[in-house]
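*Asks:* What follows is upload_25.tsv, TSV, C-alpha atoms and all ligand atoms.
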```tsv
chain	number	residue	atom	x	y	z
A	1	MET	CA	87.88	122.91	85.30
A	2	GLY	CA	91.44	122.02	84.25
A	3	ALA	CA	92.58	119.68	81.52
A	4	ASN	CA	93.19	116.92	84.05
A	5	ALA	CA	90.86	113.97	84.40
A	6	THR	CA	87.89	114.66	86.62
A	7	TYR	CA	86.59	111.65	88.49
A	8	LYS	CA	82.92	110.94	88.77
A	9	ALA	CA	81.57	109.30	91.91
A	10	ARG	CA	80.34	105.78	91.18
A	11	GLN	CA	77.18	104.22	92.59
A	12	TRP	CA	76.40	100.80	93.97
A	13	SER	CA	73.13	99.09	94.78
A	14	LEU	CA	74.01	97.21	97.93
A	15	ALA	CA	70.84	97.60	100.00
A	16	GLY	CA	69.97	94.51	102.00
A	17	LEU	CA	73.42	93.28	103.03
A	18	LYS	CA	73.68	90.99	106.05
A	19	GLY	CA	74.84	92.83	109.18
A	20	ILE	CA	75.80	96.05	107.37
A	21	SER	CA	72.76	98.33	107.39
A	22	ASP	CA	71.49	100.41	104.49
A	23	LYS	CA	71.95	103.44	106.72
A	24	THR	CA	75.64	102.65	107.13
A	25	LEU	CA	76.03	102.22	103.38
A	26	GLU	CA	74.29	105.50	102.59
A	27	MET	CA	76.52	107.36	105.04
A	28	HIS	CA	79.56	105.55	103.63
A	29	PHE	CA	78.67	106.42	100.01
A	30	LYS	CA	78.53	110.09	101.02
A	31	LEU	CA	81.98	109.85	102.60
A	32	TYR	CA	83.29	108.21	99.44
A	33	GLU	CA	81.81	111.02	97.33
A	34	GLY	CA	83.77	113.44	99.51
A	35	TYR	CA	87.02	111.70	98.53
A	36	VAL	CA	86.12	111.91	94.83
A	37	ALA	CA	85.31	115.62	95.16
A	38	GLU	CA	88.50	116.31	97.10
A	39	THR	CA	90.65	114.35	94.61
A	40	ASN	CA	89.20	116.47	91.82
A	41	ARG	CA	89.69	119.66	93.78
A	42	LEU	CA	93.33	118.91	94.56
A	43	THR	CA	94.01	117.98	90.95
A	44	GLU	CA	92.50	121.25	89.72
A	45	HIS	CA	94.35	123.26	92.31
A	46	LEU	CA	97.67	121.71	91.28
A	47	ALA	CA	96.86	122.36	87.61
A	48	ASP	CA	96.16	125.98	88.49
A	49	ILE	CA	99.57	126.36	90.07
A	50	LEU	CA	101.14	124.85	86.95
A	51	LYS	CA	99.23	127.12	84.58
A	52	ASP	CA	102.27	129.33	84.00
A	53	GLY	CA	104.38	126.24	83.40
A	54	GLN	CA	106.29	126.34	86.66
A	55	VAL	CA	106.07	126.17	90.41
A	56	ASP	CA	107.29	129.47	91.77
A	57	GLN	CA	109.20	129.59	95.03
A	58	GLU	CA	106.29	131.25	96.82
A	59	GLU	CA	103.97	128.55	95.52
A	60	MET	CA	106.12	125.72	96.90
A	61	PRO	CA	104.47	125.46	100.36
A	62	ALA	CA	100.98	125.18	98.87
A	63	TYR	CA	102.21	122.91	96.07
A	64	SER	CA	103.90	120.64	98.63
A	65	GLU	CA	100.91	120.37	100.93
A	66	LEU	CA	98.46	119.72	98.09
A	67	THR	CA	100.78	117.05	96.71
A	68	ARG	CA	101.13	115.40	100.11
A	69	ARG	CA	97.36	115.18	100.38
A	70	LEU	CA	97.02	113.46	97.01
A	71	GLY	CA	97.95	110.07	98.45
A	72	PHE	CA	95.30	110.35	101.13
A	73	GLU	CA	92.48	111.52	98.86
A	74	TYR	CA	93.30	109.33	95.85
A	75	ASN	CA	93.59	106.19	97.96
A	76	GLY	CA	90.48	107.21	99.90
A	77	MET	CA	88.61	107.27	96.60
A	78	VAL	CA	90.12	104.17	95.02
A	79	LEU	CA	90.05	101.91	98.09
A	80	HIS	CA	86.37	102.68	98.68
A	81	GLU	CA	85.66	101.68	95.08
A	82	TYR	CA	87.43	98.34	95.62
A	83	TYR	CA	85.55	97.95	98.90
A	84	PHE	CA	82.05	98.53	97.52
A	85	ASP	CA	82.91	96.47	94.43
A	86	ASN	CA	83.82	93.45	96.57
A	87	LEU	CA	80.48	93.44	98.41
A	88	ALA	CA	77.25	91.92	97.13
A	89	ARG	CA	73.79	91.08	98.33
A	90	GLY	CA	73.16	87.34	98.66
A	91	ALA	CA	76.89	86.49	98.74
A	92	ALA	CA	77.91	82.87	99.27
A	93	GLY	CA	79.82	83.34	102.55
A	94	GLU	CA	82.83	81.36	101.36
A	95	PRO	CA	84.49	80.91	97.97
A	96	LYS	CA	84.06	77.63	96.08
A	97	LYS	CA	86.92	75.26	96.91
A	98	THR	CA	87.87	75.16	93.22
A	99	SER	CA	87.83	78.95	92.80
A	100	ALA	CA	90.96	80.84	91.82
A	101	PHE	CA	90.90	82.73	95.13
A	102	ALA	CA	90.59	79.59	97.28
A	103	ARG	CA	93.47	78.02	95.33
A	104	ALA	CA	95.64	81.14	95.63
A	105	ALA	CA	94.89	81.38	99.37
A	106	GLY	CA	95.83	77.71	99.78
A	107	GLU	CA	99.07	78.12	97.84
A	108	SER	CA	100.04	81.23	99.80
A	109	PHE	CA	98.89	80.32	103.32
A	110	GLY	CA	98.53	76.53	103.38
A	111	SER	CA	94.73	76.69	103.34
A	112	PHE	CA	91.86	79.08	102.85
A	113	ASP	CA	91.09	78.87	106.57
A	114	VAL	CA	94.59	79.98	107.52
A	115	TRP	CA	94.40	82.83	105.00
A	116	LYS	CA	91.06	83.83	106.55
A	117	ALA	CA	92.43	83.74	110.11
A	118	ALA	CA	95.35	85.90	108.97
A	119	PHE	CA	93.12	88.40	107.15
A	120	VAL	CA	90.62	88.68	110.02
A	121	SER	CA	93.50	89.34	112.42
A	122	VAL	CA	94.80	92.15	110.21
A	123	GLY	CA	91.29	93.60	110.31
A	124	LYS	CA	91.29	93.51	114.11
A	125	MET	CA	94.50	95.54	114.37
A	126	ARG	CA	94.08	98.64	116.46
A	127	GLY	CA	94.09	101.88	114.55
A	128	VAL	CA	92.39	103.56	111.64
A	129	GLY	CA	92.78	101.96	108.26
A	130	TRP	CA	92.20	99.04	105.97
A	131	ALA	CA	92.87	95.31	105.77
A	132	ILE	CA	93.85	94.44	102.22
A	133	CYS	CA	94.71	91.12	100.62
A	134	PHE	CA	97.06	91.88	97.74
A	135	GLN	CA	98.45	89.69	95.02
A	136	ASP	CA	102.03	90.11	93.93
A	137	PRO	CA	101.53	90.05	90.15
A	138	HIS	CA	105.03	88.62	89.63
A	139	THR	CA	104.86	85.62	91.97
A	140	GLY	CA	101.07	85.21	92.11
A	141	LYS	CA	101.30	85.02	95.93
A	142	LEU	CA	98.73	86.62	98.18
A	143	SER	CA	99.69	88.64	101.24
A	144	ASN	CA	97.53	90.48	103.77
A	145	HIS	CA	98.48	94.03	104.67
A	146	TRP	CA	97.45	96.75	107.07
A	147	VAL	CA	97.07	100.17	105.49
A	148	THR	CA	97.08	103.09	107.91
A	149	LEU	CA	94.59	105.86	106.96
A	150	HIS	CA	94.32	105.26	103.18
A	151	GLU	CA	97.86	105.56	101.96
A	152	ILE	CA	100.42	104.18	104.37
A	153	GLY	CA	101.32	100.58	103.66
A	154	ASN	CA	100.02	100.06	100.13
A	155	VAL	CA	102.56	98.04	98.16
A	156	ALA	CA	103.44	99.59	94.80
A	157	GLY	CA	102.38	97.39	91.91
A	158	PHE	CA	100.59	94.83	94.06
A	159	VAL	CA	96.98	94.25	93.06
A	160	PRO	CA	94.24	94.67	95.68
A	161	ILE	CA	92.19	91.47	95.67
A	162	LEU	CA	90.07	91.89	98.81
A	163	VAL	CA	89.69	95.29	100.41
A	164	MET	CA	88.08	95.74	103.83
A	165	ASP	CA	87.47	99.15	105.38
A	166	VAL	CA	87.97	99.00	109.14
A	167	TRP	CA	87.62	102.71	109.87
A	168	GLU	CA	84.93	103.01	112.51
A	169	HIS	CA	82.64	104.86	110.10
A	170	ALA	CA	82.31	101.55	108.23
A	171	PHE	CA	80.37	100.00	111.12
A	172	ILE	CA	79.71	102.47	113.95
A	173	LEU	CA	75.98	102.76	113.18
A	174	ASP	CA	75.66	98.96	113.46
A	175	TYR	CA	78.25	97.96	116.06
A	176	ALA	CA	80.10	99.44	119.02
A	177	PRO	CA	83.79	100.19	118.44
A	178	ALA	CA	84.76	97.10	120.45
A	179	GLN	CA	82.54	94.95	118.22
A	180	ARG	CA	84.75	95.30	115.17
A	181	PRO	CA	85.08	91.48	114.93
A	182	LYS	CA	81.31	91.24	114.37
A	183	TYR	CA	81.56	93.75	111.54
A	184	ILE	CA	84.46	91.76	110.01
A	185	GLU	CA	82.29	88.64	110.14
A	186	ALA	CA	79.49	90.56	108.40
A	187	PHE	CA	81.91	91.91	105.81
A	188	LEU	CA	83.09	88.40	104.92
A	189	ALA	CA	79.50	87.13	104.80
A	190	ASN	CA	78.82	89.79	102.14
A	191	THR	CA	82.06	89.34	100.20
A	192	ASP	CA	81.55	88.71	96.50
A	193	TRP	CA	84.17	85.99	95.97
A	194	ASP	CA	83.57	85.96	92.20
A	195	VAL	CA	84.88	89.52	92.05
A	196	LEU	CA	88.08	88.33	93.73
A	197	ASP	CA	88.54	85.67	91.05
A	198	ARG	CA	88.18	88.29	88.34
A	199	ARG	CA	90.75	90.54	90.04
A	200	LEU	CA	93.16	87.60	90.27
A	201	SER	CA	92.87	86.76	86.60
A	202	ALA	CA	93.32	90.44	85.67
A	203	ALA	CA	96.47	90.54	87.82
A	204	GLY	CA	97.76	87.35	86.19
A	205	ALA	CA	97.08	88.71	82.70
A	206	HIS	CA	98.93	91.89	83.61
A	207	ALA	CA	101.95	89.87	84.69
A	208	GLY	CA	101.82	87.86	81.46
A	209	ARG	CA	101.14	84.53	83.18
B	1	FE	FE	85.32	104.13	104.57
```
How does the structure come out when it is put into structure tokens?
*Replies:*
Amino acid sequence: MGANATYKARQWSLAGLKGISDKTLEMHFKLYEGYVAETNRLTEHLADILKDGQVDQEEMPAYSELTRRLGFEYNGMVLHEYYFDNLARGAAGEPKKTSAFARAAGESFGSFDVWKAAFVSVGKMRGVGWAICFQDPHTGKLSNHWVTLHEIGNVAGFVPILVMDVWEHAFILDYAPAQRPKYIEAFLANTDWDVLDRRLSAAGAHAGR
């Protein structure tokens, strides 16, 4: 084990969600643990290469490939943590009208409903990836983004506020591939809107607002 930080897989107790089965969650937790393990493995491997204080010419191909994979594995780990963190049993379905998230959605999109329509449509985009509502910590504005795989499309410095996995593994045990909209509905029914408020205030604090 190198001197670099080793990540430990986190755990969530999410059994009993609406429309997302326990079986799906168990399978999904295992996938997440794979990203944690692979992030640690890559980090150790890179540290190994650097043991002699340099990257030799013959080490460059391996060093390059391992480094390229960091974005995939790190984001695979981190985005799943955001995802499981923003789910909860017995969620309210919609945020309170006075909540920080509902206000931010209104300020950024005109209304919460328009934000929701925009976010759901990002989730329905064809391809393998994530729908993420970010906050720009400098302007406070929310924007919805598509992230291909785990790493293509994340905006540097923006804070993930709501993170929805739309890889098929997130719902294939519960819905057919063409039924992704039903999964998105279930995801939003289980969204813990209070968590979003906490992420917003953390982003605001970070920006010194
Ligand atoms: Fe996933």
*Asks:* Taking only C-alpha atoms and all ligand atoms and a cut-off of 9 Å, can you tell me which residues surround ligand FE 1 (chain B), written as an MDAnalysis selection string?
*Replies:* chainID A and resid 28:29 31:32 76 79:80 83 129:130 164:170
*Asks:* Between A:His45, A:Asn190, A:Lys30, A:Ala100, which is the closest to Gly16 (chain A) once you count all atoms listed in the file?
*Replies:*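 Nearest to Gly16 (chain A): A:Asn190.
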*Asks:* Nearest residue to Gly93 (chain A) out of A:Glu185, A:Asp197, A:Asp52, A:Glu81, using all atoms listed in the file?
*Replies:*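 Between A:Glu185, A:Asp197, A:Asp52, A:Glu81, the residue approaching Gly93 (chain A) most closely is A:Glu185.
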*Asks:* Using CA of Phe101 (chain A) and CA of Glu73 (chain A) as the two end points, give the distance in Å to one decimal.
*Replies:*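 Rounded to one decimal, the two atoms are 29.1 Å apart.
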*Asks:* Quick one: pull the distance between CA of Lys8 (chain A) and CA of Leu25 (chain A), Å, one decimal.
*Replies:*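 Computing it gives 18.4 Å between the two atoms.
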*Asks:* Please compute the CA of Pro181 (chain A)-CA of Val114 (chain A) distance, one decimal, in Å.
*Replies:* 16.7 Å
*Asks:* Compile the contact shell of Gly106 (chain A) as a ChimeraX atom specification: residues with an atom at most 10 Å away, counting all atoms listed in the file, same-chain residues fewer than 6 positions apart removed.
*Replies:* /A:97,100,112-115,141-142
*Asks:* For the point (100.9, 109.5, 103.5) in the file's frame, write as a short mmCIF file (atom, residue, chain, number, x, y, z; two decimals) with C-alpha atoms, keeping the file's coordinate frame all residues with an atom no more than 10 Å away, counting only C-alpha atoms.
*Replies:*
```
data_model
loop_
_atom_site.label_atom_id
_atom_site.label_comp_id
_atom_site.auth_asym_id
_atom_site.auth_seq_id
_atom_site.Cartn_x
_atom_site.Cartn_y
_atom_site.Cartn_z
CA ARG A 68 101.13 115.40 100.11
CA ARG A 69 97.36 115.18 100.38
CA LEU A 70 97.02 113.46 97.01
CA GLY A 71 97.95 110.07 98.45
CA PHE A 72 95.30 110.35 101.13
CA GLU A 73 92.48 111.52 98.86
CA ASN A 75 93.59 106.19 97.96
CA THR A 148 97.08 103.09 107.91
CA LEU A 149 94.59 105.86 106.96
CA HIS A 150 94.32 105.26 103.18
CA GLU A 151 97.86 105.56 101.96
CA ILE A 152 100.42 104.18 104.37
CA GLY A 153 101.32 100.58 103.66
#
```
*Asks:* Give me the residues near Pro137 (chain A) as an mmCIF file with C-alpha atoms, in the coordinates of the input, where near means some atom within 7 Å (using all atoms listed in the file) and where sequence neighbours in that chain fewer than 4 positions away do not count.
*Replies:*
```cif
data_model
loop_
_atom_site.group_PDB
_atom_site.id
_atom_site.type_symbol
_atom_site.label_atom_id
_atom_site.label_comp_id
_atom_site.auth_asym_id
_atom_site.auth_seq_id
_atom_site.Cartn_x
_atom_site.Cartn_y
_atom_site.Cartn_z
ATOM 1 C CA PHE A 158 100.590 94.830 94.060
ATOM 2 C CA VAL A 159 96.980 94.250 93.060
ATOM 3 C CA ALA A 203 96.470 90.540 87.820
ATOM 4 C CA GLY A 204 97.760 87.350 86.190
ATOM 5 C CA ALA A 207 101.950 89.870 84.690
#
```
*Asks:* Using only C-alpha atoms, which of A:Trp12, A:Tyr175, A:Tyr35, A:Tyr183 sits nearest Gly123 (chain A)?
*Replies:*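 Looking at the shortest contact to Gly123 (chain A), the residue is A:Tyr183.
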*Asks:* Between A:Cys133, A:Ala88, A:Val55, A:Ala178, which one has atoms that come closest to Ser13 (chain A), using only C-alpha atoms?
*Replies:*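 Nearest to Ser13 (chain A): A:Ala88.
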*Asks:* Could you give me, as JSON, numbers by chain, the residues within 12 Å of Leu196 (chain A), counting all atoms listed in the file and dropping anything in the same chain fewer than 6 positions from it?
*Replies:* {"A": [82, 83, 85, 86, 87, 88, 94, 95, 96, 99, 100, 101, 102, 103, 104, 105, 132, 133, 134, 135, 142, 159, 160, 161, 162, 163, 202, 203]}
*Asks:* Could you save the residues just selected, with C-alpha atoms, as a short mmCIF file (atom, residue, chain, number, x, y, z; two decimals), in the frame of the given file?
*Replies:*
```cif
data_model
loop_
_atom_site.label_atom_id
_atom_site.label_comp_id
_atom_site.auth_asym_id
_atom_site.auth_seq_id
_atom_site.Cartn_x
_atom_site.Cartn_y
_atom_site.Cartn_z
CA TYR A 82 87.43 98.34 95.62
CA TYR A 83 85.55 97.95 98.90
CA ASP A 85 82.91 96.47 94.43
CA ASN A 86 83.82 93.45 96.57
CA LEU A 87 80.48 93.44 98.41
CA ALA A 88 77.25 91.92 97.13
CA GLU A 94 82.83 81.36 101.36
CA PRO A 95 84.49 80.91 97.97
CA LYS A 96 84.06 77.63 96.08
CA SER A 99 87.83 78.95 92.80
CA ALA A 100 90.96 80.84 91.82
CA PHE A 101 90.90 82.73 95.13
CA ALA A 102 90.59 79.59 97.28
CA ARG A 103 93.47 78.02 95.33
CA ALA A 104 95.64 81.14 95.63
CA ALA A 105 94.89 81.38 99.37
CA ILE A 132 93.85 94.44 102.22
CA CYS A 133 94.71 91.12 100.62
CA PHE A 134 97.06 91.88 97.74
CA GLN A 135 98.45 89.69 95.02
CA LEU A 142 98.73 86.62 98.18
CA VAL A 159 96.98 94.25 93.06
CA PRO A 160 94.24 94.67 95.68
CA ILE A 161 92.19 91.47 95.67
CA LEU A 162 90.07 91.89 98.81
CA VAL A 163 89.69 95.29 100.41
CA ALA A 202 93.32 90.44 85.67
CA ALA A 203 96.47 90.54 87.82
#
```
*Asks:* Show which residues sit within 12 Å of Met27 (chain A), as a VMD selection string. Count only C-alpha atoms, and ignore same-chain residues fewer than 4 positions away.
*Replies:* chain A and resid 20 to 23 31 to 34 169 to 174
*Asks:* Can you write out the residues you just picked, keeping C-alpha atoms, as a PDB file, in the frame of the given file?
*Replies:*
```pdb
ATOM      1  CA  ILE A  20      75.800  96.050 107.370  1.00  0.00           C
ATOM      2  CA  SER A  21      72.760  98.330 107.390  1.00  0.00           C
ATOM      3  CA  ASP A  22      71.490 100.410 104.490  1.00  0.00           C
ATOM      4  CA  LYS A  23      71.950 103.440 106.720  1.00  0.00           C
ATOM      5  CA  LEU A  31      81.980 109.850 102.600  1.00  0.00           C
ATOM      6  CA  TYR A  32      83.290 108.210  99.440  1.00  0.00           C
ATOM      7  CA  GLU A  33      81.810 111.020  97.330  1.00  0.00           C
ATOM      8  CA  GLY A  34      83.770 113.440  99.510  1.00  0.00           C
ATOM      9  CA  HIS A 169      82.640 104.860 110.100  1.00  0.00           C
ATOM     10  CA  ALA A 170      82.310 101.550 108.230  1.00  0.00           C
ATOM     11  CA  PHE A 171      80.370 100.000 111.120  1.00  0.00           C
ATOM     12  CA  ILE A 172      79.710 102.470 113.950  1.00  0.00           C
ATOM     13  CA  LEU A 173      75.980 102.760 113.180  1.00  0.00           C
ATOM     14  CA  ASP A 174      75.660  98.960 113.460  1.00  0.00           C
TER      15      ASP A 174
END
```
*Asks:* Would you kindly return, as a count of residues only, each protein, DNA or RNA residue with an atom no farther than 10 Å from any atom of Ser121 (chain A), considering only C-alpha atoms and excluding same-chain residues fewer than 5 positions away?
*Replies:* 7
